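Asks: Sharing input.cif (mmCIF, C-alpha atoms) below.
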data_target
loop_
_atom_site.label_atom_id
_atom_site.label_comp_id
_atom_site.auth_asym_id
_atom_site.auth_seq_id
_atom_site.Cartn_x
_atom_site.Cartn_y
_atom_site.Cartn_z
CA MET K 138 0.00 0.00 0.00
CA ASN K 139 1.20 3.54 -0.73
CA GLY K 140 -0.85 5.16 2.04
CA LYS K 141 -3.37 6.75 -0.34
CA PRO K 142 -7.04 6.10 0.45
CA ARG K 143 -8.95 3.81 -1.92
CA LEU K 144 -10.99 5.93 -4.31
CA PRO K 145 -13.13 5.35 -7.39
CA ARG K 146 -10.79 5.04 -10.35
CA THR K 147 -11.99 8.30 -11.90
CA VAL K 148 -11.29 10.25 -8.70
CA ALA K 149 -7.94 8.50 -8.20
CA LEU K 150 -6.93 9.67 -11.67
CA ALA K 151 -8.01 13.23 -10.80
CA ARG K 152 -5.99 13.00 -7.57
CA ASP K 153 -2.87 11.95 -9.49
CA ALA K 154 -3.39 14.81 -11.94
CA ALA K 155 -3.85 17.31 -9.10
CA GLU K 156 -0.63 16.08 -7.50
CA ARG K 157 1.19 16.59 -10.79
CA LEU K 158 -0.07 20.17 -10.86
CA GLY K 159 0.84 20.77 -7.23
CA TRP K 160 -2.83 21.27 -6.38
CA GLY K 161 -4.94 19.98 -3.56
CA LEU K 162 -7.79 17.48 -3.89
CA ARG K 163 -10.13 16.82 -0.98
CA VAL K 164 -12.76 14.06 -0.98
CA LEU K 165 -16.07 15.36 0.38
CA ASP K 166 -17.92 12.05 0.72
CA PRO K 167 -15.41 9.62 2.26
CA GLU K 168 -17.92 6.77 2.27
CA TYR K 169 -18.03 6.53 -1.53
CA GLY K 170 -15.43 9.01 -2.73
CA HIS K 171 -17.24 10.42 -5.78
CA LEU K 172 -17.68 13.99 -4.53
CA PHE K 173 -14.43 15.95 -4.33
CA GLU K 174 -12.96 19.44 -4.50
CA ILE K 175 -9.88 20.66 -6.35
CA ASP K 176 -7.90 23.67 -5.13
CA ASN K 177 -5.08 25.44 -6.96
CA GLY K 178 -4.38 27.88 -4.12
CA GLU K 179 -6.47 30.64 -5.67
CA ARG K 180 -9.67 28.96 -6.78
CA ARG K 181 -11.66 25.90 -5.80
CA ARG K 182 -14.23 23.79 -7.60
CA VAL K 183 -16.39 20.88 -6.55
CA LEU K 184 -16.58 17.97 -9.00
CA ILE K 185 -18.53 14.71 -9.14
CA GLY K 186 -16.83 11.53 -10.30
CA ALA K 187 -16.13 11.51 -14.02
CA LEU K 188 -18.63 14.21 -15.01
CA SER K 189 -16.93 16.85 -17.11
CA PRO K 190 -17.40 20.33 -15.62
CA LEU K 191 -16.74 22.07 -18.93
CA ASN K 192 -19.99 21.58 -20.88
CA ASP K 193 -23.26 23.31 -20.13
CA SER K 194 -26.29 21.24 -19.23
CA VAL K 195 -27.97 21.50 -22.65
CA ALA K 196 -24.84 20.41 -24.55
CA SER K 197 -24.33 17.49 -22.16
CA ARG K 198 -27.98 16.48 -22.46
CA LEU K 199 -27.84 16.51 -26.26
CA ALA K 200 -24.66 14.43 -26.36
CA ALA K 201 -26.22 11.90 -23.97
CA ASP K 202 -29.06 11.31 -26.43
CA LYS K 203 -27.73 9.19 -29.29
CA TYR K 204 -30.76 9.79 -31.50
CA PHE K 205 -30.72 13.58 -31.09
CA THR K 206 -26.95 13.62 -31.64
CA ALA K 207 -27.27 11.71 -34.90
CA LYS K 208 -30.03 14.03 -36.12
CA LEU K 209 -28.03 17.18 -35.38
CA LEU K 210 -24.81 15.87 -36.91
CA GLU K 211 -26.64 14.70 -40.04
CA ARG K 212 -28.30 18.12 -40.30
CA ALA K 213 -24.82 19.69 -40.22
CA GLY K 214 -23.67 17.50 -43.12
CA LEU K 215 -21.60 15.06 -41.07
CA ARG K 216 -21.77 11.32 -41.69
CA VAL K 217 -23.62 9.22 -39.10
CA PRO K 218 -25.03 5.68 -39.19
CA ALA K 219 -28.61 5.37 -40.38
CA THR K 220 -30.56 5.41 -37.11
CA GLU K 221 -34.11 4.73 -35.90
CA ARG K 222 -35.67 5.20 -32.47
CA CYS K 223 -37.87 2.72 -30.60
CA LEU K 224 -39.85 3.84 -27.55
CA ALA K 225 -40.73 1.42 -24.76
CA PRO K 226 -44.51 1.06 -24.47
CA GLY K 227 -45.79 3.43 -21.80
CA PHE K 228 -42.42 5.17 -21.34
CA PHE K 229 -43.88 8.68 -21.72
CA GLU K 230 -46.63 9.07 -19.15
CA LYS K 231 -47.73 12.60 -20.03
CA GLU K 232 -47.50 12.38 -23.81
CA ASN K 233 -49.31 9.94 -26.06
CA TYR K 234 -46.74 8.35 -28.33
CA GLU K 235 -48.18 4.85 -28.19
CA GLU K 236 -48.57 4.68 -31.97
CA LYS K 237 -44.77 5.04 -32.18
CA ALA K 238 -43.95 2.74 -29.27
CA GLY K 239 -42.82 -0.87 -29.36
CA PRO K 240 -40.52 -2.69 -31.79
CA GLY K 241 -42.33 -1.55 -34.95
CA PRO K 242 -39.98 1.30 -35.99
CA GLY K 243 -36.92 -0.89 -35.47
CA LEU K 244 -38.39 -3.80 -37.40
CA GLU K 245 -39.30 -1.51 -40.28
CA PHE K 246 -35.78 -0.03 -40.22
CA ALA K 247 -34.29 -3.53 -40.44
CA ARG K 248 -36.59 -4.40 -43.34
CA ARG K 249 -35.42 -1.33 -45.22
CA HIS K 250 -31.71 -1.60 -44.46
CA GLY K 251 -31.36 -5.34 -43.98
CA TYR K 252 -29.79 -7.35 -41.17
CA PRO K 253 -27.56 -7.27 -39.19
CA VAL K 254 -28.34 -4.11 -37.24
CA VAL K 255 -27.04 -2.74 -33.95
CA VAL K 256 -29.41 -2.23 -30.99
CA LYS K 257 -28.41 -0.06 -28.03
CA PRO K 258 -29.96 2.10 -25.31
CA ASN K 259 -30.48 5.67 -26.46
CA ARG K 260 -28.56 6.80 -23.38
CA GLY K 261 -25.71 4.97 -21.71
CA SER K 262 -22.00 4.22 -21.95
CA SER K 263 -19.37 1.50 -21.66
CA GLY K 264 -21.05 -0.63 -24.30
CA ARG K 265 -23.81 -1.82 -21.95
CA TYR K 266 -26.60 -3.67 -23.79
CA VAL K 267 -25.12 -2.89 -27.22
CA VAL K 268 -25.90 -5.90 -29.41
CA LEU K 269 -25.46 -6.86 -33.05
CA VAL K 270 -28.63 -8.70 -34.11
CA ARG K 271 -29.16 -10.82 -37.20
CA ASP K 272 -32.89 -11.43 -37.36
CA GLU K 273 -36.26 -10.26 -36.08
CA GLY K 274 -36.25 -12.51 -33.04
CA GLU K 275 -32.85 -11.24 -31.89
CA LEU K 276 -33.95 -7.64 -32.48
CA ARG K 277 -37.07 -8.02 -30.35
CA ALA K 278 -35.04 -9.71 -27.59
CA ALA K 279 -32.34 -6.99 -27.65
CA LEU K 280 -34.88 -4.18 -27.29
CA GLU K 281 -36.09 -5.37 -23.88
CA PRO K 282 -32.83 -4.81 -21.89
CA ALA K 283 -32.20 -1.60 -23.81
CA TRP K 284 -35.64 -0.34 -22.78
CA GLU K 285 -35.00 -1.37 -19.18
CA ARG K 286 -31.85 0.74 -19.25
CA HIS K 287 -33.46 3.93 -20.52
CA GLY K 288 -36.91 3.46 -22.06
CA VAL K 289 -35.73 4.48 -25.53
CA ALA K 290 -33.60 2.29 -27.77
CA VAL K 291 -31.94 3.04 -31.08
CA VAL K 292 -31.43 0.71 -34.02
CA GLN K 293 -28.50 1.52 -36.30
CA GLU K 294 -26.75 0.20 -39.34
CA PRO K 295 -23.43 -1.43 -38.42
CA ILE K 296 -20.29 0.37 -39.57
CA PRO K 297 -17.11 -1.65 -40.22
CA THR K 298 -13.76 -0.97 -38.58
CA PRO K 299 -11.43 0.97 -38.19
CA ASP K 300 -12.81 2.08 -34.83
CA LEU K 301 -11.41 5.27 -33.29
CA ARG K 302 -12.11 7.03 -30.00
CA LEU K 303 -10.80 10.62 -30.08
CA ASP K 304 -11.14 13.12 -27.21
CA PHE K 305 -11.03 16.90 -27.58
CA LEU K 306 -10.68 19.82 -25.17
CA ASP K 307 -11.14 23.52 -25.88
CA GLY K 308 -10.23 23.38 -29.56
CA GLU K 309 -7.36 20.93 -29.19
CA TYR K 310 -6.83 17.20 -29.39
CA LEU K 311 -6.66 15.66 -25.92
CA LEU K 312 -5.96 11.94 -26.38
CA GLY K 313 -7.44 8.87 -28.03
CA TYR K 314 -7.02 5.30 -29.14
CA GLU K 315 -7.92 2.85 -31.88
CA ARG K 316 -10.00 -0.13 -30.76
CA SER K 317 -9.32 -3.54 -32.23
CA SER K 318 -10.70 -7.02 -31.84
CA LEU K 319 -8.78 -9.36 -29.52
CA ARG K 320 -7.32 -11.97 -31.85
CA VAL K 321 -5.07 -14.72 -30.53
CA THR K 322 -3.14 -17.56 -32.16
CA GLY K 323 -2.58 -20.80 -30.26
CA ASP K 324 0.82 -22.28 -29.51
CA GLY K 325 -0.44 -25.57 -28.06
CA ARG K 326 0.73 -24.65 -24.57
CA ALA K 327 -0.88 -21.41 -23.40
CA THR K 328 -4.53 -21.02 -22.44
CA ILE K 329 -6.74 -18.50 -24.21
CA ARG K 330 -6.59 -16.38 -21.06
CA GLN K 331 -2.79 -16.38 -21.11
CA LEU K 332 -2.70 -15.52 -24.82
CA VAL K 333 -5.06 -12.60 -24.32
CA ALA K 334 -2.98 -11.29 -21.40
CA ARG K 335 0.10 -11.23 -23.64
CA ILE K 336 -1.70 -8.83 -25.97
CA ASP K 337 -3.36 -6.57 -23.41
CA ARG K 338 -1.93 -6.06 -19.90
CA ARG K 339 -5.38 -5.38 -18.44
CA PHE K 340 -6.18 -9.08 -18.76
CA THR K 341 -3.46 -10.15 -16.35
CA ALA K 342 -5.78 -9.22 -13.46
CA ASP K 343 -8.09 -11.90 -12.08
CA ALA K 344 -10.87 -9.37 -11.53
CA ILE K 345 -11.23 -8.65 -15.24
CA TRP K 346 -12.18 -12.30 -15.87
CA GLN K 347 -14.96 -12.17 -13.32
CA GLY K 348 -18.26 -10.35 -12.85
CA LYS K 349 -19.95 -8.46 -15.65
CA ARG K 350 -17.18 -8.91 -18.20
CA SER K 351 -17.13 -12.71 -17.84
CA ALA K 352 -20.87 -12.74 -18.54
CA SER K 353 -20.17 -11.25 -21.99
CA TRP K 354 -17.61 -13.94 -22.93
CA PRO K 355 -18.19 -14.75 -26.62
CA ASP K 356 -19.11 -18.21 -27.80
CA ALA K 357 -15.66 -18.53 -29.42
CA ALA K 358 -16.41 -21.97 -30.87
CA GLY K 359 -17.45 -23.25 -27.46
CA ARG K 360 -14.05 -22.66 -25.86
CA ARG K 361 -13.60 -21.31 -22.36
CA PRO K 362 -10.81 -18.95 -21.23
CA ASP K 363 -8.81 -21.74 -19.54
CA CYS K 364 -8.75 -23.94 -22.65
CA VAL K 365 -5.36 -24.46 -24.32
CA LEU K 366 -5.60 -23.23 -27.91
CA PRO K 367 -4.04 -25.68 -30.42
CA ALA K 368 -0.93 -24.48 -32.23
CA GLY K 369 -1.75 -22.32 -35.24
CA GLU K 370 -5.46 -22.00 -34.44
CA GLU K 371 -6.75 -18.42 -34.51
CA LEU K 372 -9.54 -17.05 -32.35
CA ASP K 373 -11.30 -13.67 -32.64
CA LEU K 374 -12.99 -12.61 -29.41
CA GLY K 375 -14.07 -9.09 -30.31
CA GLY K 376 -16.77 -9.52 -32.91
CA THR K 377 -18.35 -6.56 -34.67
CA VAL K 378 -19.28 -4.37 -31.68
CA LEU K 379 -16.00 -3.29 -30.09
CA ASN K 380 -15.73 -1.82 -26.60
CA LEU K 381 -12.79 -1.76 -24.21
CA ASN K 382 -15.16 -2.81 -21.42
CA THR K 383 -15.68 -6.13 -23.19
CA TRP K 384 -13.35 -8.24 -25.36
CA ALA K 385 -11.45 -5.64 -27.34
CA SER K 386 -8.10 -3.92 -27.01
CA GLY K 387 -6.64 -0.62 -28.14
CA ARG K 388 -3.55 1.31 -29.16
CA LEU K 389 -2.79 4.89 -28.20
CA ILE K 390 -3.13 7.72 -30.74
CA PRO K 391 -0.79 10.37 -29.30
CA GLU K 392 -1.18 12.86 -32.15
CA LEU K 393 -3.97 13.66 -34.59
CA PRO K 394 -3.72 14.82 -38.23
CA ASP K 395 -4.93 18.39 -38.70
CA ARG K 396 -7.84 17.40 -40.92
CA TRP K 397 -9.11 14.97 -38.29
CA LEU K 398 -8.73 17.63 -35.61
CA ALA K 399 -10.76 20.11 -37.64
CA TYR K 400 -13.46 17.53 -38.37
CA GLY K 401 -13.74 16.48 -34.74
CA LEU K 402 -13.99 20.07 -33.54
CA ARG K 403 -16.65 20.72 -36.14
CA ALA K 404 -18.72 17.87 -34.72
CA GLY K 405 -18.29 19.11 -31.14
CA ALA K 406 -19.36 22.59 -32.16
CA VAL K 407 -22.65 21.22 -33.51
CA LEU K 408 -23.58 20.27 -29.94
CA GLY K 409 -21.84 23.21 -28.27
CA LEU K 410 -19.26 21.09 -26.43
CA ARG K 411 -15.89 22.13 -24.97
CA HIS K 412 -14.79 18.72 -23.73
CA PHE K 413 -15.95 15.60 -25.57
CA GLY K 414 -15.03 12.25 -27.06
CA ILE K 415 -16.11 10.99 -30.49
CA ASP K 416 -16.46 7.38 -31.60
CA PHE K 417 -15.58 7.19 -35.30
CA ARG K 418 -15.96 4.07 -37.42
CA GLY K 419 -15.28 3.23 -41.02
CA ALA K 420 -12.05 5.11 -41.72
CA GLY K 421 -8.51 5.29 -40.34
CA LEU K 422 -6.33 8.32 -39.75
CA ASP K 423 -4.74 7.94 -43.20
CA ASP K 424 -8.18 8.34 -44.76
CA PRO K 425 -10.23 11.54 -45.10
CA PRO K 426 -12.26 11.96 -41.90
CA GLU K 427 -15.40 12.54 -43.97
CA GLN K 428 -15.33 8.82 -44.79
CA ALA K 429 -15.82 7.95 -41.12
CA ALA K 430 -19.21 7.74 -39.46
CA ILE K 431 -19.68 9.39 -36.08
CA VAL K 432 -21.30 6.63 -34.05
CA GLU K 433 -21.75 8.74 -30.92
CA ILE K 434 -20.34 11.63 -28.89
CA ASN K 435 -19.58 11.51 -25.16
CA ALA K 436 -19.71 14.74 -23.16
CA SER K 437 -17.73 13.23 -20.24
CA PRO K 438 -15.10 11.02 -21.89
CA LEU K 439 -13.05 8.84 -19.56
CA LEU K 440 -9.28 8.35 -19.63
CA LEU K 441 -9.37 5.21 -17.49
CA GLN K 442 -8.96 2.73 -20.33
CA ILE K 443 -5.92 4.56 -21.68
CA HIS K 444 -4.45 4.46 -18.18
CA ALA K 445 -5.20 0.75 -17.79
CA LEU K 446 -3.77 -0.13 -21.21
CA GLY K 447 -0.36 1.07 -20.01
CA TRP K 448 -0.26 4.75 -20.92
CA ALA K 449 -0.64 6.03 -17.37
CA ASP K 450 1.55 9.09 -17.82
CA GLU K 451 -0.38 10.25 -20.89
CA ALA K 452 -3.69 9.72 -19.11
CA VAL K 453 -2.61 11.69 -16.03
CA GLU K 454 -1.29 14.55 -18.18
CA ALA K 455 -4.56 14.68 -20.14
CA GLN K 456 -6.53 14.69 -16.88
CA ALA K 457 -4.34 17.55 -15.63
CA ARG K 458 -5.31 19.55 -18.73
CA ILE K 459 -8.97 18.97 -17.88
CA LEU K 460 -8.48 20.15 -14.29
CA ARG K 461 -6.66 23.27 -15.47
CA ALA K 462 -9.54 24.06 -17.80
CA ALA K 463 -12.02 23.47 -14.98
CA LEU K 464 -10.38 26.26 -12.96
CA GLY K 465 -9.72 28.49 -15.95
CA ASP K 466 -5.97 27.88 -15.63
CA ARG K 467 -4.67 26.86 -19.03
CA GLU K 468 -1.06 27.52 -18.21
CA GLY K 469 -0.97 25.20 -15.19
CA GLY K 470 0.53 25.74 -11.79
CA GLY K 471 -1.04 26.80 -8.54
#
Would it be possible to restate this file's structure as structure tokens?

Replies:
Amino acid sequence: MNGKPRLPRTVALARDAAERLGWGLRVLDPEYGHLFEIDNGERRRVLIGALSPLNDSVASRLAADKYFTAKLLERAGLRVPATERCLAPGFFEKENYEEKAGPGPGLEFARRHGYPVVVKPNRGSSGRYVVLVRDEGELRAALEPAWERHGVAVVQEPIPTPDLRLDFLDGEYLLGYERSSLRVTGDGRATIRQLVARIDRRFTADAIWQGKRSASWPDAAGRRPDCVLPAGEELDLGGTVLNLNTWASGRLIPELPDRWLAYGLRAGAVLGLRHFGIDFRGAGLDDPPEQAAIVEINASPLLLQIHALGWADEAVEAQARILRAALGDREGGG
């Protein structure tokens, strides 16, 4: 132990960034640790967990709504996946939208665009309840947990990789990564779990193989994590829907081409955001950004996955930039 109190990972990252700046950070709810205050010696500000303090409430609300975000970006001439909205029956108590409720809009969307399609909650993060479905039965089944999460689900066309997550702050690139499927090749000696851990250091921890993540373990030809993979046999664990909270990995993108920076800032400006992360799919950094589809925008992007993947210093420095912006101190220092 290093003597530091155990904190939620988001607050621990903020603490490390504050220490780098020479600032103070005081936890205001010791029982859970999510409420805290930063102090640069001249100004103080109270923050809550991972919520970005830099966007106004309307901009944050718009970004949290995947359907509204897609509509606004499309209106501005930016590429987004074709998207339809499905309301849970009875979700709106004071407005009568029952003729638009239920799976009907999603089923009609799938008939027009063809299967597979992606189903996800209209609000939410970390890839929870995001499912690629291949027929009507799977679509109907996927809507139920998405509705339980929020009451509104979206159905979208799938967009192929590359898959980029790029974060921006006050007109500049902050940090990002490219997601990739976890693909392993057997050597006849190592288990699938050991092979995965060689690729991504996060998977050396026992905890990551337990709980919610283990429940999302792919079929993978019926193999379990502790199976030894025969020599030369390849296994793809990531599938089509990639998320670092499931069975995907990533590589850091330390710098961003100017045209991608301009395109990302243009998208953020549509929603009025200062601090945001964009999920792009369908084009890599060597391609024109206009070829990529903006799958969604996050108004409180996390740096935890970058930290866990092994780029701790870059994550702490990026978090320090966020704290400086939160106190209006872009030069740093207390």

Asks: Hey, what's within 9 Å of Ala213 of chain K if we count all atoms listed in the file and toss same-chain stuff fewer than 5 positions away? As number ranges by chain, please?

Replies: K: 208, 404, 407

Asks: Which polymer residues, whether protein, DNA or RNA, lie within 10 Å of the coordinate (-34.1, -5.5, -24.3) when you count all atoms listed in the file? List them as a PyMOL selection string, using the chain letters and numbers from the file.

Replies: chain K and resi 225+256-258+266-268+275-286+288+290

Asks: On this file, the PyMOL selection byres ((chain K and resi 204) around 8) gives some set of residues; write that set as an mmCIF file with C-alpha atoms, keeping the file's coordinate frame.

Replies:
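Below is the file that was written, selection.cif:
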data_model
loop_
_atom_site.group_PDB
_atom_site.id
_atom_site.type_symbol
_atom_site.label_atom_id
_atom_site.label_comp_id
_atom_site.auth_asym_id
_atom_site.auth_seq_id
_atom_site.Cartn_x
_atom_site.Cartn_y
_atom_site.Cartn_z
ATOM 1 C CA ASP K 202 -29.060 11.310 -26.430
ATOM 2 C CA LYS K 203 -27.730 9.190 -29.290
ATOM 3 C CA PHE K 205 -30.720 13.580 -31.090
ATOM 4 C CA THR K 206 -26.950 13.620 -31.640
ATOM 5 C CA ALA K 207 -27.270 11.710 -34.900
ATOM 6 C CA LYS K 208 -30.030 14.030 -36.120
ATOM 7 C CA THR K 220 -30.560 5.410 -37.110
ATOM 8 C CA GLU K 221 -34.110 4.730 -35.900
ATOM 9 C CA ARG K 222 -35.670 5.200 -32.470
ATOM 10 C CA ASN K 259 -30.480 5.670 -26.460
ATOM 11 C CA VAL K 291 -31.940 3.040 -31.080
#

Asks: Set the distance at 10 Å and use all atoms listed in the file: which residues neighbour Asp363 of chain K once local chain neighbours fewer than 6 positions away are removed? I'd like the list as a short mmCIF file (atom, residue, chain, number, x, y, z; two decimals) with C-alpha atoms, in the coordinates of the input.

Replies:
data_model
loop_
_atom_site.label_atom_id
_atom_site.label_comp_id
_atom_site.auth_asym_id
_atom_site.auth_seq_id
_atom_site.Cartn_x
_atom_site.Cartn_y
_atom_site.Cartn_z
CA ALA K 327 -0.88 -21.41 -23.40
CA THR K 328 -4.53 -21.02 -22.44
CA ILE K 329 -6.74 -18.50 -24.21
CA ARG K 330 -6.59 -16.38 -21.06
CA GLN K 331 -2.79 -16.38 -21.11
#

Asks: Report the residues retrieved by the PyMOL selection byres ((chain K and resi 371) around 8) from the displayed file, expressed as a list of chain:residue names.

Replies: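 After applying the PyMOL selection byres ((chain K and resi 371) around 8), what remains is K:Arg320, K:Val321, K:Thr322, K:Gly323, K:Gly369, K:Glu370, K:Leu372, K:Asp373.
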
Asks: For the residues in that selection, give me C-alpha atoms as a PDB file, keeping the file's coordinate frame.

Replies:
ATOM      1  CA  ARG K 320      -7.320 -11.970 -31.850  1.00  0.00           C
ATOM      2  CA  VAL K 321      -5.070 -14.720 -30.530  1.00  0.00           C
ATOM      3  CA  THR K 322      -3.140 -17.560 -32.160  1.00  0.00           C
ATOM      4  CA  GLY K 323      -2.580 -20.800 -30.260  1.00  0.00           C
ATOM      5  CA  GLY K 369      -1.750 -22.320 -35.240  1.00  0.00           C
ATOM      6  CA  GLU K 370      -5.460 -22.000 -34.440  1.00  0.00           C
ATOM      7  CA  LEU K 372      -9.540 -17.050 -32.350  1.00  0.00           C
ATOM      8  CA  ASP K 373     -11.300 -13.670 -32.640  1.00  0.00           C
TER       9      ASP K 373
END

Asks: Taking only C-alpha atoms into account, name the residue in K:Leu441, K:Pro367, K:Leu410, K:Pro394 that is nearest to Asp424 of chain K.

Replies: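 When distances to Asp424 of chain K are compared using only C-alpha atoms, the smallest one comes from K:Pro394.
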
Asks: So, counting only C-alpha atoms, which residue among K:Val270, K:Ala247, K:Cys364, K:Ala155 is closest to Arg461 of chain K?

Replies: K:Ala155

Asks: Applying 8 Å and all atoms listed in the file, which residues near Gly447 of chain K remain after dropping the ones on its own chain fewer than 3 positions away? List them as a ChimeraX atom specification.

Replies: /K:338,443-444

Asks: What residues come out when you apply the PyMOL selection byres ((chain K and resi 440) around 12) to this file, written as an mmCIF file with C-alpha atoms, in the frame of the given file?

Replies:
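selection_16.cif, freshly written:
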data_model
loop_
_atom_site.group_PDB
_atom_site.id
_atom_site.type_symbol
_atom_site.label_atom_id
_atom_site.label_comp_id
_atom_site.auth_asym_id
_atom_site.auth_seq_id
_atom_site.Cartn_x
_atom_site.Cartn_y
_atom_site.Cartn_z
ATOM 1 C CA ARG K 146 -10.790 5.040 -10.350
ATOM 2 C CA THR K 147 -11.990 8.300 -11.900
ATOM 3 C CA VAL K 148 -11.290 10.250 -8.700
ATOM 4 C CA ALA K 149 -7.940 8.500 -8.200
ATOM 5 C CA LEU K 150 -6.930 9.670 -11.670
ATOM 6 C CA ALA K 151 -8.010 13.230 -10.800
ATOM 7 C CA ALA K 154 -3.390 14.810 -11.940
ATOM 8 C CA ALA K 187 -16.130 11.510 -14.020
ATOM 9 C CA LEU K 188 -18.630 14.210 -15.010
ATOM 10 C CA SER K 189 -16.930 16.850 -17.110
ATOM 11 C CA ARG K 302 -12.110 7.030 -30.000
ATOM 12 C CA LEU K 303 -10.800 10.620 -30.080
ATOM 13 C CA ASP K 304 -11.140 13.120 -27.210
ATOM 14 C CA PHE K 305 -11.030 16.900 -27.580
ATOM 15 C CA LEU K 311 -6.660 15.660 -25.920
ATOM 16 C CA LEU K 312 -5.960 11.940 -26.380
ATOM 17 C CA GLY K 313 -7.440 8.870 -28.030
ATOM 18 C CA TYR K 314 -7.020 5.300 -29.140
ATOM 19 C CA LEU K 381 -12.790 -1.760 -24.210
ATOM 20 C CA LEU K 389 -2.790 4.890 -28.200
ATOM 21 C CA PHE K 413 -15.950 15.600 -25.570
ATOM 22 C CA GLY K 414 -15.030 12.250 -27.060
ATOM 23 C CA SER K 437 -17.730 13.230 -20.240
ATOM 24 C CA PRO K 438 -15.100 11.020 -21.890
ATOM 25 C CA LEU K 439 -13.050 8.840 -19.560
ATOM 26 C CA LEU K 441 -9.370 5.210 -17.490
ATOM 27 C CA GLN K 442 -8.960 2.730 -20.330
ATOM 28 C CA ILE K 443 -5.920 4.560 -21.680
ATOM 29 C CA HIS K 444 -4.450 4.460 -18.180
ATOM 30 C CA ALA K 445 -5.200 0.750 -17.790
ATOM 31 C CA LEU K 446 -3.770 -0.130 -21.210
ATOM 32 C CA GLY K 447 -0.360 1.070 -20.010
ATOM 33 C CA TRP K 448 -0.260 4.750 -20.920
ATOM 34 C CA ALA K 449 -0.640 6.030 -17.370
ATOM 35 C CA ASP K 450 1.550 9.090 -17.820
ATOM 36 C CA GLU K 451 -0.380 10.250 -20.890
ATOM 37 C CA ALA K 452 -3.690 9.720 -19.110
ATOM 38 C CA VAL K 453 -2.610 11.690 -16.030
ATOM 39 C CA GLU K 454 -1.290 14.550 -18.180
ATOM 40 C CA ALA K 455 -4.560 14.680 -20.140
ATOM 41 C CA GLN K 456 -6.530 14.690 -16.880
ATOM 42 C CA ALA K 457 -4.340 17.550 -15.630
ATOM 43 C CA ARG K 458 -5.310 19.550 -18.730
ATOM 44 C CA ILE K 459 -8.970 18.970 -17.880
#

Asks: Using only C-alpha atoms, collect all residues at a distance of at most 6 Å from (-41.9, 6.3, -29.8) as written in the file, then present them as a ChimeraX atom specification.

Replies: /K:223-224,234,237-238

Asks: From the list K:Glu174, K:Glu309, K:Glu315, K:Asp466, which residue is nearest Arg152 of chain K when using only C-alpha atoms?

Replies: K:Glu174

Asks: Could you check which of K:Val195, K:Val217, K:Val255, K:Leu158 is closest to Gly419 of chain K, using only C-alpha atoms?

Replies: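 So, comparing all the options, the nearest one is K:Val217.
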
Asks: Nearest to Ala219 of chain K: which of K:Asp416, K:Glu245, K:Gln293, K:Arg403 is it, counting only C-alpha atoms?

Replies: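 For Ala219 of chain K, the nearest of the given residues is K:Gln293.
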
Asks: Point out the residue among K:Arg260, K:Arg180, K:Arg212, K:Arg265 with the least atom-to-atom distance to Ser353 of chain K, counting all atoms listed in the file.

Replies: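 Closest to Ser353 of chain K of all the choices is K:Arg265.
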
Asks: Mind checking which residues fall within 8 Å of segment 250-252 of chain K, counting all atoms listed in the file, ignoring those fewer than 5 positions away in the same chain, and posting them as an NGL selection string?

Replies: :K and (270-272 or 294)

Asks: Quick one: write out the picked residues with C-alpha atoms as a PDB file, in the frame of the given file?

Replies:
ATOM      1  CA  VAL K 270     -28.630  -8.700 -34.110  1.00  0.00           C
ATOM      2  CA  ARG K 271     -29.160 -10.820 -37.200  1.00  0.00           C
ATOM      3  CA  ASP K 272     -32.890 -11.430 -37.360  1.00  0.00           C
ATOM      4  CA  GLU K 294     -26.750   0.200 -39.340  1.00  0.00           C
TER       5      GLU K 294
END

Asks: Excluding Asp300 of chain K and residues on its chain fewer than 4 positions from it, collect all residues at most 10 Å away from it, counting all atoms listed in the file, and give them as JSON, numbers by chain.

Replies: {"K": [296, 314, 315, 316, 317, 318, 378, 379, 380, 387, 416, 417, 418, 419, 420, 421, 429, 430, 432]}

Asks: Using only C-alpha atoms, please write the residues we just selected to a file, as an mmCIF file, in the frame of the given file.

Replies:
data_model
loop_
_atom_site.group_PDB
_atom_site.id
_atom_site.type_symbol
_atom_site.label_atom_id
_atom_site.label_comp_id
_atom_site.auth_asym_id
_atom_site.auth_seq_id
_atom_site.Cartn_x
_atom_site.Cartn_y
_atom_site.Cartn_z
ATOM 1 C CA ILE K 296 -20.290 0.370 -39.570
ATOM 2 C CA TYR K 314 -7.020 5.300 -29.140
ATOM 3 C CA GLU K 315 -7.920 2.850 -31.880
ATOM 4 C CA ARG K 316 -10.000 -0.130 -30.760
ATOM 5 C CA SER K 317 -9.320 -3.540 -32.230
ATOM 6 C CA SER K 318 -10.700 -7.020 -31.840
ATOM 7 C CA VAL K 378 -19.280 -4.370 -31.680
ATOM 8 C CA LEU K 379 -16.000 -3.290 -30.090
ATOM 9 C CA ASN K 380 -15.730 -1.820 -26.600
ATOM 10 C CA GLY K 387 -6.640 -0.620 -28.140
ATOM 11 C CA ASP K 416 -16.460 7.380 -31.600
ATOM 12 C CA PHE K 417 -15.580 7.190 -35.300
ATOM 13 C CA ARG K 418 -15.960 4.070 -37.420
ATOM 14 C CA GLY K 419 -15.280 3.230 -41.020
ATOM 15 C CA ALA K 420 -12.050 5.110 -41.720
ATOM 16 C CA GLY K 421 -8.510 5.290 -40.340
ATOM 17 C CA ALA K 429 -15.820 7.950 -41.120
ATOM 18 C CA ALA K 430 -19.210 7.740 -39.460
ATOM 19 C CA VAL K 432 -21.300 6.630 -34.050
#

Asks: State, in Å with one decimal place, the distance from atom CA of Glu179 of chain K to atom CA of Gly409 of chain K.

Replies: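 That distance, rounded to one decimal, is 28.3 Å.
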
Asks: Record the distance separating atom CA of Leu162 of chain K and atom CA of Asn192 of chain K, expressed in Å with one decimal.

Replies: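 Interatomic distance, atom CA of Leu162 of chain K to atom CA of Asn192 of chain K: 21.3 Å.
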